[in-house]
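S.K.: Attaching a single structure in structure tokens format; questions to follow.
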Amino acid sequence: MRIALLPGHAETKEGSAMVCGHFKGFGEWALATWYLPRIADGLRSLGYDVVQTQRADAGGTTPSYSAKAANATGADIALEFHFNSAGAKASGSCCVCWKYSETGRAFARELARGMAALLGIGLTAGGVIVQPSDEERGLMAFKKSRMPFFMLEPCFAGSSATDCQLFTHALLSGEWTNKMPAIIDRCIQSVYSHNN
Ligand SMILES: [Zn+2]
């Protein structure tokens, strides 16, 4: 099974920024670009074919280009890594997915639960945000991708100091990169058939 890993957003338009600690000011793109090679290696050691790509590889910065870039890899599933931002009190993990796939929603829920357990926080929006919805959130990535596409929002590191501290700790201790591959693997095994 081939997995495409993407950082959210783009170097020229980084999305939200970490609000505190060691990575303060790091945008979503920069942070994910920093840690994704290690998650890719972890998934490879579990037997997956992993391709890293990003919106800019397809020539743009919007979610349409996420779909284009992911489609170009021929991957069976695509995961784009973000972090959330809202009011200072917002907290929790969630995963954004295509509304019309029950399997996709199940995968998103499992993945959000895994991230929440890893970081020691709760779920926001029950762990799953579907697109299309009233709140436009990367819709074109889900609409134009030819594989199940997911946006991971592990926490509100872009607005909550508490979430940001927990995420920073998981990143610096290596927990995030060491444990996410097994969490992703478990979700794939439980929801999708696994053909290496
Ligand atoms: Zn984002």
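If you're wondering about the labels, chains in the structure tokens are A, B, ... by order shown, residues count from 1 in each chain, ligands from 1 in order shown.
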Residues within 6 Å of ligand 1 should be enumerated using only C-alpha atoms and all ligand atoms and returned as a PyMOL selection string.

M.R.: chain A and resi 8+15+82-83

S.K.: Could you write those residues out with all heavy atoms, as a CSV table (one decimal), in the first residue's frame?

M.R.:
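Generated file (result_10.csv):
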```csv
chain,number,residue,atom,x,y,z
A,8,GLY,N,0.8,20.5,5.5
A,8,GLY,CA,-0.3,21.4,5.2
A,8,GLY,C,0.2,22.7,4.6
A,8,GLY,O,1.4,23.1,5.0
A,15,GLY,N,0.0,28.8,6.8
A,15,GLY,CA,-1.1,28.5,7.7
A,15,GLY,C,-0.9,29.1,9.0
A,15,GLY,O,-0.2,30.1,9.2
A,82,HIS,N,-1.6,19.1,9.5
A,82,HIS,CA,-1.8,20.5,9.9
A,82,HIS,C,-1.8,20.6,11.4
A,82,HIS,O,-1.5,19.6,12.1
A,82,HIS,CB,-3.3,20.9,9.5
A,82,HIS,CG,-3.5,20.9,8.0
A,82,HIS,ND1,-3.7,22.1,7.3
A,82,HIS,CD2,-3.6,19.9,7.1
A,82,HIS,CE1,-3.8,21.9,6.0
A,82,HIS,NE2,-3.8,20.6,5.9
A,83,PHE,N,-2.0,21.8,12.0
A,83,PHE,CA,-2.5,21.9,13.3
A,83,PHE,C,-3.5,23.0,13.3
A,83,PHE,O,-3.6,23.9,12.4
A,83,PHE,CB,-1.4,22.1,14.4
A,83,PHE,CG,-0.4,23.2,14.1
A,83,PHE,CD1,-0.8,24.5,14.4
A,83,PHE,CD2,0.8,23.0,13.6
A,83,PHE,CE1,0.1,25.6,14.2
A,83,PHE,CE2,1.7,24.0,13.4
A,83,PHE,CZ,1.4,25.3,13.7
```

S.K.: Skip Gly158 of chain A itself and residues of its chain fewer than 3 positions away, then list as a ChimeraX atom specification all residues within 7 Å of it, counting only C-alpha atoms.

M.R.: /A:16-19,83-85

S.K.: Which polymer residues have any atom within 6 Å of an atom of Ala10 of chain A, counting only C-alpha atoms, with same-chain residues fewer than 2 positions away left out, as a PyMOL selection string?

M.R.: chain A and resi 12-14+29+61

S.K.: Write to file, as a compact mmCIF listing (two decimals), in the first residue's frame, the residues of the selection just made, with C-alpha atoms.

M.R.:
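result-v3.txt was written with the following content:
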```txt
# COMPACT_ATOMS: atom_id res chain seq x y z
CA THR A 12 5.03 30.82 0.97
CA LYS A 13 1.74 30.52 2.86
CA GLU A 14 2.32 28.53 5.99
CA TRP A 29 4.07 23.83 6.70
CA THR A 61 -0.77 26.69 -2.44
```

S.K.: Please identify all polymer residues within 9 Å of segment 146-157 of chain A, counting only C-alpha atoms, omitting same-chain residues fewer than 6 positions from it, and present them as an NGL selection string.

M.R.: :A and (8 or 16-20 or 67 or 70-71 or 74-98 or 101 or 104 or 108 or 111-112 or 115-116 or 119 or 121 or 123-124 or 138 or 163-168)

S.K.: Report the residues of chain A whose backbone DSSP state falls under strand (DSSP E or B), written as an MDAnalysis selection string.

M.R.: chainID A and resid 2:7 10 13 17 27 49:52 77:81 93:98 123:131 149:153

S.K.: Work out how far apart atom CA of Lys144 of chain A and atom CA of Pro63 of chain A are and give it in Å to one decimal.

M.R.: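 It comes out at 9.1 Å.
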
S.K.: Please determine, counting only C-alpha atoms, which residue among A:Gly174, A:Ala32, A:Val128, A:Ser66 has the shortest atom-to-atom distance to Glu102 of chain A.

M.R.: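 Looking only at the distances to Glu102 of chain A, the closest residue turns out to be A:Val128.
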
S.K.: Write out as a PyMOL selection string which residues come within 10 Å of Ile188 of chain A when counting only C-alpha atoms, dropping same-chain ones fewer than 6 positions away.

M.R.: chain A and resi 1+77+107+110-111+182+194

S.K.: So the first atom is atom CA of Ile3 of chain A and the second is atom CA of Lys179 of chain A; what is the distance between them in Å, to one decimal place?

M.R.: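 Between atom CA of Ile3 of chain A and atom CA of Lys179 of chain A the gap is 16.6 Å.
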
S.K.: Considering only C-alpha atoms, can you say which of A:Asp57, A:Ser64, A:Arg105, A:Gln189 comes closest to Lys143 of chain A?

M.R.: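 Of all the options, A:Ser64 lies closest to Lys143 of chain A.
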
S.K.: Kindly indicate which residue among A:Leu118, A:Leu5, A:Ala69, A:Ala106 lies nearest to Ala141 of chain A, using only C-alpha atoms for the distances.

M.R.: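 Checking each candidate against Ala141 of chain A, we get A:Ala69 as the closest.
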
S.K.: Quick one: of A:Pro132, A:Gly21, A:Pro7, A:Pro37, who's nearest to Asn178 of chain A, counting only C-alpha atoms?

M.R.: A:Pro37
